[in-house]
>>> print(open('entry11.txt').read())   # compact mmCIF, C-alpha atoms
# COMPACT_ATOMS: atom_id res chain seq x y z
CA MET Q 1 16.55 -9.70 5.13
CA ALA Q 2 15.09 -8.80 1.71
CA LEU Q 3 11.30 -8.71 1.83
CA ILE Q 4 10.93 -7.23 -1.66
CA GLU Q 5 13.40 -7.82 -4.48
CA LEU Q 6 13.06 -6.56 -8.04
CA ARG Q 7 15.58 -7.76 -10.61
CA ASP Q 8 15.76 -5.85 -13.90
CA VAL Q 9 11.97 -5.35 -13.97
CA LYS Q 10 10.61 -3.93 -17.20
CA LYS Q 11 7.03 -3.06 -18.04
CA SER Q 12 5.61 -1.90 -21.33
CA TYR Q 13 2.07 -1.41 -22.60
CA LYS Q 14 0.73 -1.86 -26.10
CA LEU Q 15 -1.14 1.01 -27.70
CA ASP Q 16 -2.52 -0.28 -31.00
CA SER Q 17 0.63 -1.90 -32.45
CA ILE Q 18 3.09 0.39 -30.65
CA GLU Q 19 4.86 -0.82 -27.53
CA ILE Q 20 5.33 1.92 -24.92
CA PRO Q 21 8.03 1.20 -22.31
CA VAL Q 22 7.17 2.52 -18.82
CA LEU Q 23 9.71 0.72 -16.59
CA LYS Q 24 13.06 0.24 -18.28
CA GLY Q 25 14.95 -2.09 -15.94
CA ILE Q 26 14.34 -1.53 -12.22
CA SER Q 27 16.43 -3.40 -9.66
CA MET Q 28 15.87 -2.70 -5.97
CA ILE Q 29 15.67 -4.37 -2.59
CA VAL Q 30 13.48 -3.38 0.36
CA GLU Q 31 14.51 -4.97 3.63
CA LYS Q 32 12.06 -6.13 6.27
CA GLY Q 33 11.05 -3.23 8.54
CA GLU Q 34 12.22 -0.43 6.22
CA VAL Q 35 10.34 2.83 5.70
CA VAL Q 36 10.85 3.85 2.06
CA ALA Q 37 9.57 6.84 0.08
CA LEU Q 38 9.12 6.22 -3.64
CA VAL Q 39 9.23 9.62 -5.35
CA GLY Q 40 9.16 10.86 -8.89
CA PRO Q 41 7.37 13.29 -11.18
CA SER Q 42 4.07 12.49 -12.84
CA GLY Q 43 4.65 10.00 -15.69
CA SER Q 44 7.93 8.73 -14.20
CA GLY Q 45 6.62 5.18 -13.75
CA LYS Q 46 6.13 5.27 -9.98
CA SER Q 47 2.47 4.19 -10.15
CA THR Q 48 3.36 1.29 -12.45
CA LEU Q 49 6.17 0.27 -10.08
CA MET Q 50 3.79 0.49 -7.12
CA ASN Q 51 1.26 -1.70 -8.94
CA ILE Q 52 3.93 -4.33 -9.56
CA ILE Q 53 5.16 -4.24 -5.94
CA GLY Q 54 1.51 -4.49 -4.83
CA CYS Q 55 0.83 -7.49 -7.11
CA LEU Q 56 -1.83 -5.50 -8.97
CA ASP Q 57 0.20 -5.89 -12.19
CA VAL Q 58 2.98 -8.15 -13.43
CA PRO Q 59 6.27 -7.22 -15.13
CA THR Q 60 6.72 -7.68 -18.88
CA SER Q 61 10.16 -9.10 -18.05
CA GLY Q 62 12.49 -9.42 -15.06
CA GLU Q 63 11.89 -10.98 -11.66
CA TYR Q 64 9.84 -9.93 -8.63
CA ILE Q 65 10.46 -11.87 -5.42
CA LEU Q 66 8.10 -11.08 -2.55
CA ASP Q 67 9.01 -12.61 0.82
CA ASN Q 68 11.05 -15.36 -0.96
CA ILE Q 69 8.19 -16.11 -3.40
CA PRO Q 70 8.79 -15.50 -7.16
CA VAL Q 71 5.58 -13.69 -8.11
CA GLN Q 72 6.05 -13.89 -11.88
CA ASN Q 73 5.61 -17.70 -11.76
CA MET Q 74 2.12 -17.49 -10.20
CA ASN Q 75 -1.34 -17.61 -11.75
CA ARG Q 76 -3.96 -14.92 -11.11
CA ASP Q 77 -5.57 -16.68 -8.11
CA GLN Q 78 -2.22 -17.27 -6.43
CA ILE Q 79 -1.28 -13.61 -6.95
CA ALA Q 80 -4.62 -12.47 -5.46
CA HIS Q 81 -4.01 -14.73 -2.44
CA ILE Q 82 -0.47 -13.44 -1.79
CA ARG Q 83 -1.67 -9.83 -2.23
CA ASN Q 84 -4.41 -10.38 0.38
CA LYS Q 85 -1.96 -11.94 2.86
CA LYS Q 86 1.17 -9.86 2.38
CA ILE Q 87 0.12 -6.32 1.41
CA GLY Q 88 -2.17 -3.70 2.90
CA PHE Q 89 -3.11 -0.74 0.67
CA VAL Q 90 -3.75 2.87 1.64
CA PHE Q 91 -4.90 5.17 -1.18
CA GLN Q 92 -5.08 8.95 -1.58
CA ASN Q 93 -8.87 8.85 -2.04
CA PHE Q 94 -9.41 6.34 0.81
CA ASN Q 95 -11.34 3.87 -1.46
CA LEU Q 96 -13.85 3.05 1.28
CA ILE Q 97 -17.17 1.48 0.24
CA ALA Q 98 -19.87 4.10 0.85
CA ARG Q 99 -22.66 1.64 1.73
CA LEU Q 100 -20.57 -0.08 4.42
CA THR Q 101 -19.92 1.25 7.93
CA ALA Q 102 -16.38 1.88 9.17
CA LEU Q 103 -16.46 -1.50 10.93
CA GLU Q 104 -17.69 -3.32 7.81
CA ASN Q 105 -15.03 -1.63 5.63
CA VAL Q 106 -12.31 -2.89 7.99
CA GLU Q 107 -13.82 -6.38 8.00
CA LEU Q 108 -13.80 -6.67 4.19
CA PRO Q 109 -10.26 -8.06 3.62
CA MET Q 110 -10.89 -10.64 6.35
CA ILE Q 111 -14.03 -11.88 4.54
CA TYR Q 112 -11.86 -12.57 1.46
CA ALA Q 113 -9.31 -14.29 3.72
CA GLY Q 114 -12.03 -16.59 5.11
CA VAL Q 115 -11.93 -15.30 8.72
CA GLY Q 116 -15.01 -16.26 10.78
CA ARG Q 117 -17.64 -13.58 11.57
CA LYS Q 118 -17.02 -13.27 15.33
CA GLU Q 119 -13.23 -13.16 14.96
CA ARG Q 120 -13.26 -10.57 12.18
CA LYS Q 121 -15.69 -8.29 14.07
CA GLU Q 122 -13.44 -8.40 17.14
CA ARG Q 123 -10.31 -7.78 15.07
CA ALA Q 124 -11.96 -4.90 13.14
CA MET Q 125 -13.06 -3.27 16.42
CA GLU Q 126 -9.55 -3.71 17.85
CA LEU Q 127 -8.06 -2.00 14.78
CA LEU Q 128 -10.54 0.89 14.87
CA ASN Q 129 -9.66 1.34 18.52
CA MET Q 130 -5.96 1.38 17.60
CA VAL Q 131 -6.50 4.21 15.08
CA GLY Q 132 -8.66 6.12 17.58
CA LEU Q 133 -12.04 5.53 15.95
CA SER Q 134 -13.82 2.91 18.08
CA ASP Q 135 -16.61 5.47 18.71
CA ARG Q 136 -17.16 5.83 14.94
CA SER Q 137 -17.48 2.13 14.09
CA GLY Q 138 -21.14 2.42 13.02
CA HIS Q 139 -20.61 5.55 10.90
CA TYR Q 140 -20.60 5.51 7.10
CA PRO Q 141 -17.73 7.13 5.14
CA THR Q 142 -19.86 10.19 4.29
CA GLN Q 143 -20.30 10.79 8.04
CA LEU Q 144 -16.52 10.91 8.61
CA SER Q 145 -13.93 13.62 7.95
CA GLY Q 146 -11.12 13.01 5.44
CA GLY Q 147 -8.65 12.24 8.24
CA GLN Q 148 -11.09 9.81 9.87
CA GLN Q 149 -11.70 8.07 6.52
CA GLN Q 150 -7.94 7.65 6.05
CA ARG Q 151 -7.67 6.17 9.56
CA VAL Q 152 -10.39 3.66 8.65
CA ALA Q 153 -8.45 2.88 5.45
CA ILE Q 154 -5.29 2.25 7.52
CA ALA Q 155 -7.23 -0.04 9.88
CA ARG Q 156 -8.56 -1.91 6.82
CA ALA Q 157 -5.01 -2.20 5.40
CA LEU Q 158 -3.96 -3.90 8.66
CA ALA Q 159 -6.89 -6.34 8.76
CA ASN Q 160 -4.92 -9.44 7.69
CA ASN Q 161 -1.78 -8.37 9.56
CA PRO Q 162 0.30 -7.90 6.38
CA PRO Q 163 4.08 -7.43 6.62
CA ILE Q 164 3.90 -4.58 4.05
CA ILE Q 165 1.81 -1.41 3.85
CA LEU Q 166 1.81 0.27 0.46
CA ALA Q 167 0.54 3.85 0.73
CA ASP Q 168 -0.13 5.84 -2.44
CA GLU Q 169 -0.13 9.60 -1.67
CA PRO Q 170 -1.74 8.86 1.73
CA THR Q 171 -1.89 12.56 2.70
CA GLY Q 172 -2.74 13.93 -0.77
CA SER Q 173 -6.40 14.70 0.04
CA LEU Q 174 -5.75 16.03 3.55
CA ASP Q 175 -4.78 19.35 5.10
CA THR Q 176 -1.25 19.73 6.52
CA ALA Q 177 -2.10 19.02 10.19
CA THR Q 178 -4.22 15.96 9.35
CA GLY Q 179 -1.57 14.72 6.92
CA LYS Q 180 1.04 14.96 9.68
CA SER Q 181 -1.12 12.89 12.05
CA ILE Q 182 -1.64 10.23 9.33
CA MET Q 183 2.13 10.00 8.72
CA GLU Q 184 2.74 9.68 12.48
CA LEU Q 185 0.14 6.89 12.62
CA LEU Q 186 1.81 5.02 9.72
CA LEU Q 187 5.26 5.38 11.32
CA SER Q 188 3.89 4.10 14.65
CA LEU Q 189 2.96 0.83 12.85
CA ASN Q 190 6.60 0.48 11.86
CA ASP Q 191 7.76 1.20 15.43
CA LYS Q 192 5.25 -1.13 17.14
CA PHE Q 193 4.97 -4.01 14.70
CA GLY Q 194 7.97 -3.68 12.38
CA THR Q 195 5.61 -3.19 9.42
CA THR Q 196 7.48 -2.39 6.22
CA LEU Q 197 6.18 0.88 4.76
CA ILE Q 198 6.47 1.96 1.14
CA ILE Q 199 5.04 5.43 0.62
CA VAL Q 200 4.52 6.74 -2.89
CA THR Q 201 4.58 10.53 -2.86
CA HIS Q 202 5.55 13.65 -4.77
CA ASP Q 203 5.54 15.68 -1.51
CA PRO Q 204 9.06 16.28 -0.09
CA THR Q 205 7.58 16.79 3.41
CA VAL Q 206 6.01 13.31 3.33
CA ALA Q 207 9.23 11.82 1.92
CA SER Q 208 11.22 13.42 4.77
CA TYR Q 209 9.40 11.18 7.28
CA CYS Q 210 10.86 8.10 5.57
CA ARG Q 211 14.26 6.63 6.32
CA ARG Q 212 15.16 6.04 2.69
CA THR Q 213 14.11 7.75 -0.52
CA VAL Q 214 14.07 5.97 -3.88
CA ARG Q 215 13.74 8.30 -6.87
CA ILE Q 216 12.38 7.20 -10.20
CA LYS Q 217 12.56 9.18 -13.43
CA ASP Q 218 11.66 8.11 -16.97
CA GLY Q 219 11.22 4.50 -15.87
CA LEU Q 220 14.63 4.19 -14.19
CA LEU Q 221 15.88 4.59 -10.62
CA VAL Q 222 18.04 7.69 -10.45
CA GLU Q 223 19.10 7.36 -6.79
>>> encode(input="entry11.txt", output="structure tokens")
Amino acid sequence: MALIELRDVKKSYKLDSIEIPVLKGISMIVEKGEVVALVGPSGSGKSTLMNIIGCLDVPTSGEYILDNIPVQNMNRDQIAHIRNKKIGFVFQNFNLIARLTALENVELPMIYAGVGRKERKERAMELLNMVGLSDRSGHYPTQLSGGQQQRVAIARALANNPPIILADEPTGSLDTATGKSIMELLLSLNDKFGTTLIIVTHDPTVASYCRRTVRIKDGLLVE
């Protein structure tokens, strides 16, 4: 069943009066439970495509259907709501909030989703336990290693139980051994919960973990 469907998606940006095309007609389907690597050189359009899939940006033209919902017909609040419910994000630089503890960072998406205090604390603790960090719940990001910060980021991405995890270079700031353990953790989410994973990477080793590779070049899918 198609969870993500892009139909002839184009995206261009205006620079002064010049229109710069970035995506030039992308059509693709990601089925529920797939593990997909999105690869391409710098400037190929993969970040723009990721932003559209993640509902952080909207296409200039074409259709984006997320879990049977046409995203391009929504207003900003509706898009923010669907993003919070459907997609968990994992970034290369972790994007944790320095003044919040690991537990509070994981709780954050649940606050936006209106989850009660007791329930979100329990859920956040459960998720930290799942990523092997229950003993670090009171630590701040600066007190954690890069691998531990990425585990907290993965726990945070899972807070609202989204069907999709979108990971942008999730091992880019980590050494090889830590990167391997992060990839194994992400794949275990797919095995246990059927979470759909889309991993944006330029690293062929990371892409090799995925069951399908989608290549983008000059704003078009090449394979």
>>> closest_residue(input="entry11.txt", among="Q:Gly116, Q:Pro163, Q:Gly219, Q:Gly179", to="Asp67 in chain Q", atoms="all atoms listed in the file")
Q:Pro163
>>> closest_atom_pairs(input="entry11.txt", of="range 81-126 of chain Q", to="range 28-51 of chain Q", cutoff="12 Å", atoms="only C-alpha atoms", output="Markdown table")
| residue | atom | partner | partner_atom | distance |
| --- | --- | --- | --- | --- |
| Q:Arg83 | CA | Q:Asn51 | CA | 10.9 |
| Q:Ile87 | CA | Q:Asn51 | CA | 11.4 |
| Q:Phe89 | CA | Q:Met50 | CA | 10.5 |
| Q:Val90 | CA | Q:Met50 | CA | 11.8 |
| Q:Phe91 | CA | Q:Met50 | CA | 11.5 |
>>> atom_distance(input="entry11.txt", atom1="CA of Gln150 in chain Q", atom2="CA of Ala98 in chain Q")
13.5 Å
>>> closest_atom_pairs(input="entry11.txt", of="range 8-115 of chain Q", to="range 144-147 of chain Q", cutoff="10 Å", atoms="only C-alpha atoms", output="Markdown table")
| residue | atom | partner | partner_atom | distance |
| --- | --- | --- | --- | --- |
| Q:Asn93 | CA | Q:Gly146 | CA | 8.8 |
| Q:Phe94 | CA | Q:Gly146 | CA | 8.3 |
| Q:Ala102 | CA | Q:Leu144 | CA | 9.0 |
>>> closest_residue(input="entry11.txt", among="Q:Asn75, Q:Thr196, Q:Gln148, Q:Asn84", to="Ser181 in chain Q", atoms="only C-alpha atoms")
Q:Gln148
>>> closest_residue(input="entry11.txt", among="Q:Ile182, Q:Ile65, Q:Ala153, Q:Ala167", to="Thr101 in chain Q", atoms="only C-alpha atoms")
Q:Ala153
>>> atom_distance(input="entry11.txt", atom1="CA of Ala155 in chain Q", atom2="CA of Leu127 in chain Q")
5.3 Å
>>> atom_distance(input="entry11.txt", atom1="CA of Asp8 in chain Q", atom2="CA of Pro204 in chain Q")
26.9 Å
>>> closest_residue(input="entry11.txt", among="Q:Asn161, Q:Gln78, Q:Ser61, Q:Ser137", to="Pro109 in chain Q", atoms="all atoms listed in the file")
Q:Asn161
>>> closest_residue(input="entry11.txt", among="Q:Val9, Q:Leu186, Q:Lys14, Q:Ile26", to="Leu221 in chain Q", atoms="all atoms listed in the file")
Q:Ile26
>>> decode(input="entry11.txt", residues="range 36-150 of chain Q", atoms="C-alpha atoms", output="PDB file, in the first residue's frame")
ATOM      1  CA  VAL Q  36      14.571   3.474   1.186  1.00  0.00           C
ATOM      2  CA  ALA Q  37      17.872   5.291   0.684  1.00  0.00           C
ATOM      3  CA  LEU Q  38      17.614   8.619  -1.121  1.00  0.00           C
ATOM      4  CA  VAL Q  39      21.036   9.348  -2.602  1.00  0.00           C
ATOM      5  CA  GLY Q  40      22.519  12.001  -4.808  1.00  0.00           C
ATOM      6  CA  PRO Q  41      25.395  14.454  -5.028  1.00  0.00           C
ATOM      7  CA  SER Q  42      25.344  17.829  -3.326  1.00  0.00           C
ATOM      8  CA  GLY Q  43      22.996  20.181  -5.211  1.00  0.00           C
ATOM      9  CA  SER Q  44      21.027  17.307  -6.784  1.00  0.00           C
ATOM     10  CA  GLY Q  45      17.766  18.311  -5.080  1.00  0.00           C
ATOM     11  CA  LYS Q  46      17.684  15.563  -2.444  1.00  0.00           C
ATOM     12  CA  SER Q  47      17.334  18.004   0.478  1.00  0.00           C
ATOM     13  CA  THR Q  48      14.479  19.812  -1.292  1.00  0.00           C
ATOM     14  CA  LEU Q  49      12.792  16.463  -1.988  1.00  0.00           C
ATOM     15  CA  MET Q  50      13.251  15.450   1.646  1.00  0.00           C
ATOM     16  CA  ASN Q  51      11.707  18.737   2.806  1.00  0.00           C
ATOM     17  CA  ILE Q  52       8.665  18.127   0.607  1.00  0.00           C
ATOM     18  CA  ILE Q  53       8.269  14.511   1.798  1.00  0.00           C
ATOM     19  CA  GLY Q  54       8.641  15.779   5.379  1.00  0.00           C
ATOM     20  CA  CYS Q  55       5.991  18.497   4.885  1.00  0.00           C
ATOM     21  CA  LEU Q  56       8.564  21.194   5.655  1.00  0.00           C
ATOM     22  CA  ASP Q  57       8.032  22.644   2.165  1.00  0.00           C
ATOM     23  CA  VAL Q  58       5.372  22.398  -0.537  1.00  0.00           C
ATOM     24  CA  PRO Q  59       5.785  21.695  -4.270  1.00  0.00           C
ATOM     25  CA  THR Q  60       5.510  24.507  -6.821  1.00  0.00           C
ATOM     26  CA  SER Q  61       3.410  22.085  -8.894  1.00  0.00           C
ATOM     27  CA  GLY Q  62       2.447  18.408  -8.914  1.00  0.00           C
ATOM     28  CA  GLU Q  63       0.796  16.304  -6.221  1.00  0.00           C
ATOM     29  CA  TYR Q  64       2.006  14.899  -2.903  1.00  0.00           C
ATOM     30  CA  ILE Q  65      -0.235  12.308  -1.254  1.00  0.00           C
ATOM     31  CA  LEU Q  66       0.778  11.251   2.253  1.00  0.00           C
ATOM     32  CA  ASP Q  67      -1.128   8.297   3.714  1.00  0.00           C
ATOM     33  CA  ASN Q  68      -4.078   8.998   1.341  1.00  0.00           C
ATOM     34  CA  ILE Q  69      -4.104  12.722   2.221  1.00  0.00           C
ATOM     35  CA  PRO Q  70      -3.356  15.273  -0.577  1.00  0.00           C
ATOM     36  CA  VAL Q  71      -0.908  17.585   1.198  1.00  0.00           C
ATOM     37  CA  GLN Q  72      -0.937  20.353  -1.413  1.00  0.00           C
ATOM     38  CA  ASN Q  73      -4.593  21.159  -0.569  1.00  0.00           C
ATOM     39  CA  MET Q  74      -3.833  21.899   3.105  1.00  0.00           C
ATOM     40  CA  ASN Q  75      -3.197  25.157   4.936  1.00  0.00           C
ATOM     41  CA  ARG Q  76      -0.110  25.717   7.098  1.00  0.00           C
ATOM     42  CA  ASP Q  77      -1.736  24.552  10.372  1.00  0.00           C
ATOM     43  CA  GLN Q  78      -3.064  21.373   8.784  1.00  0.00           C
ATOM     44  CA  ILE Q  79       0.382  20.623   7.325  1.00  0.00           C
ATOM     45  CA  ALA Q  80       2.026  21.185  10.745  1.00  0.00           C
ATOM     46  CA  HIS Q  81      -0.514  18.802  12.315  1.00  0.00           C
ATOM     47  CA  ILE Q  82       0.038  16.016   9.758  1.00  0.00           C
ATOM     48  CA  ARG Q  83       3.827  16.453  10.052  1.00  0.00           C
ATOM     49  CA  ASN Q  84       3.625  16.057  13.847  1.00  0.00           C
ATOM     50  CA  LYS Q  85       1.465  12.921  13.565  1.00  0.00           C
ATOM     51  CA  LYS Q  86       2.946  11.135  10.562  1.00  0.00           C
ATOM     52  CA  ILE Q  87       6.672  11.916  10.426  1.00  0.00           C
ATOM     53  CA  GLY Q  88       9.570  11.618  12.851  1.00  0.00           C
ATOM     54  CA  PHE Q  89      12.797  13.441  11.927  1.00  0.00           C
ATOM     55  CA  VAL Q  90      16.389  12.430  12.621  1.00  0.00           C
ATOM     56  CA  PHE Q  91      19.062  14.958  11.583  1.00  0.00           C
ATOM     57  CA  GLN Q  92      22.821  14.750  11.076  1.00  0.00           C
ATOM     58  CA  ASN Q  93      23.474  17.327  13.817  1.00  0.00           C
ATOM     59  CA  PHE Q  94      20.919  15.791  16.229  1.00  0.00           C
ATOM     60  CA  ASN Q  95      19.020  19.132  16.666  1.00  0.00           C
ATOM     61  CA  LEU Q  96      18.496  18.545  20.387  1.00  0.00           C
ATOM     62  CA  ILE Q  97      17.658  21.559  22.571  1.00  0.00           C
ATOM     63  CA  ALA Q  98      20.689  22.204  24.784  1.00  0.00           C
ATOM     64  CA  ARG Q  99      18.751  23.532  27.803  1.00  0.00           C
ATOM     65  CA  LEU Q 100      16.483  20.460  27.945  1.00  0.00           C
ATOM     66  CA  THR Q 101      17.416  17.064  29.384  1.00  0.00           C
ATOM     67  CA  ALA Q 102      17.279  13.917  27.252  1.00  0.00           C
ATOM     68  CA  LEU Q 103      13.860  13.134  28.749  1.00  0.00           C
ATOM     69  CA  GLU Q 104      12.526  16.640  28.048  1.00  0.00           C
ATOM     70  CA  ASN Q 105      13.830  16.546  24.452  1.00  0.00           C
ATOM     71  CA  VAL Q 106      11.925  13.302  23.841  1.00  0.00           C
ATOM     72  CA  GLU Q 107       8.785  14.757  25.441  1.00  0.00           C
ATOM     73  CA  LEU Q 108       8.765  17.830  23.165  1.00  0.00           C
ATOM     74  CA  PRO Q 109       6.772  16.474  20.171  1.00  0.00           C
ATOM     75  CA  MET Q 110       4.174  15.090  22.595  1.00  0.00           C
ATOM     76  CA  ILE Q 111       3.676  18.558  24.131  1.00  0.00           C
ATOM     77  CA  TYR Q 112       2.814  19.876  20.636  1.00  0.00           C
ATOM     78  CA  ALA Q 113       0.485  16.892  20.163  1.00  0.00           C
ATOM     79  CA  GLY Q 114      -1.350  17.739  23.406  1.00  0.00           C
ATOM     80  CA  VAL Q 115      -0.361  14.590  25.346  1.00  0.00           C
ATOM     81  CA  GLY Q 116      -0.855  14.892  29.128  1.00  0.00           C
ATOM     82  CA  ARG Q 117       2.205  15.336  31.396  1.00  0.00           C
ATOM     83  CA  LYS Q 118       2.135  11.930  33.124  1.00  0.00           C
ATOM     84  CA  GLU Q 119       1.552  10.002  29.886  1.00  0.00           C
ATOM     85  CA  ARG Q 120       4.287  11.806  27.960  1.00  0.00           C
ATOM     86  CA  LYS Q 121       6.851  11.322  30.762  1.00  0.00           C
ATOM     87  CA  GLU Q 122       6.099   7.589  30.840  1.00  0.00           C
ATOM     88  CA  ARG Q 123       6.264   7.326  27.046  1.00  0.00           C
ATOM     89  CA  ALA Q 124       9.528   9.332  26.877  1.00  0.00           C
ATOM     90  CA  MET Q 125      11.101   7.083  29.532  1.00  0.00           C
ATOM     91  CA  GLU Q 126       9.909   3.985  27.660  1.00  0.00           C
ATOM     92  CA  LEU Q 127      11.515   5.277  24.445  1.00  0.00           C
ATOM     93  CA  LEU Q 128      14.814   6.155  26.151  1.00  0.00           C
ATOM     94  CA  ASN Q 129      14.837   2.661  27.595  1.00  0.00           C
ATOM     95  CA  MET Q 130      14.243   1.239  24.104  1.00  0.00           C
ATOM     96  CA  VAL Q 131      17.292   3.086  22.711  1.00  0.00           C
ATOM     97  CA  GLY Q 132      19.394   2.021  25.711  1.00  0.00           C
ATOM     98  CA  LEU Q 133      19.563   5.388  27.477  1.00  0.00           C
ATOM     99  CA  SER Q 134      17.190   5.160  30.457  1.00  0.00           C
ATOM    100  CA  ASP Q 135      20.175   5.845  32.766  1.00  0.00           C
ATOM    101  CA  ARG Q 136      20.896   9.109  30.897  1.00  0.00           C
ATOM    102  CA  SER Q 137      17.392  10.594  31.049  1.00  0.00           C
ATOM    103  CA  GLY Q 138      18.445  13.515  33.273  1.00  0.00           C
ATOM    104  CA  HIS Q 139      21.557  14.373  31.236  1.00  0.00           C
ATOM    105  CA  TYR Q 140      21.776  17.407  28.962  1.00  0.00           C
ATOM    106  CA  PRO Q 141      22.959  17.033  25.328  1.00  0.00           C
ATOM    107  CA  THR Q 142      26.422  18.422  26.174  1.00  0.00           C
ATOM    108  CA  GLN Q 143      26.832  15.590  28.702  1.00  0.00           C
ATOM    109  CA  LEU Q 144      26.193  12.925  26.035  1.00  0.00           C
ATOM    110  CA  SER Q 145      28.407  11.497  23.287  1.00  0.00           C
ATOM    111  CA  GLY Q 146      27.449  11.966  19.623  1.00  0.00           C
ATOM    112  CA  GLY Q 147      26.031   8.434  19.430  1.00  0.00           C
ATOM    113  CA  GLN Q 148      24.003   8.957  22.607  1.00  0.00           C
ATOM    114  CA  GLN Q 149      22.643  12.272  21.276  1.00  0.00           C
ATOM    115  CA  GLN Q 150      21.562  10.548  18.059  1.00  0.00           C
TER     116      GLN Q 150
END
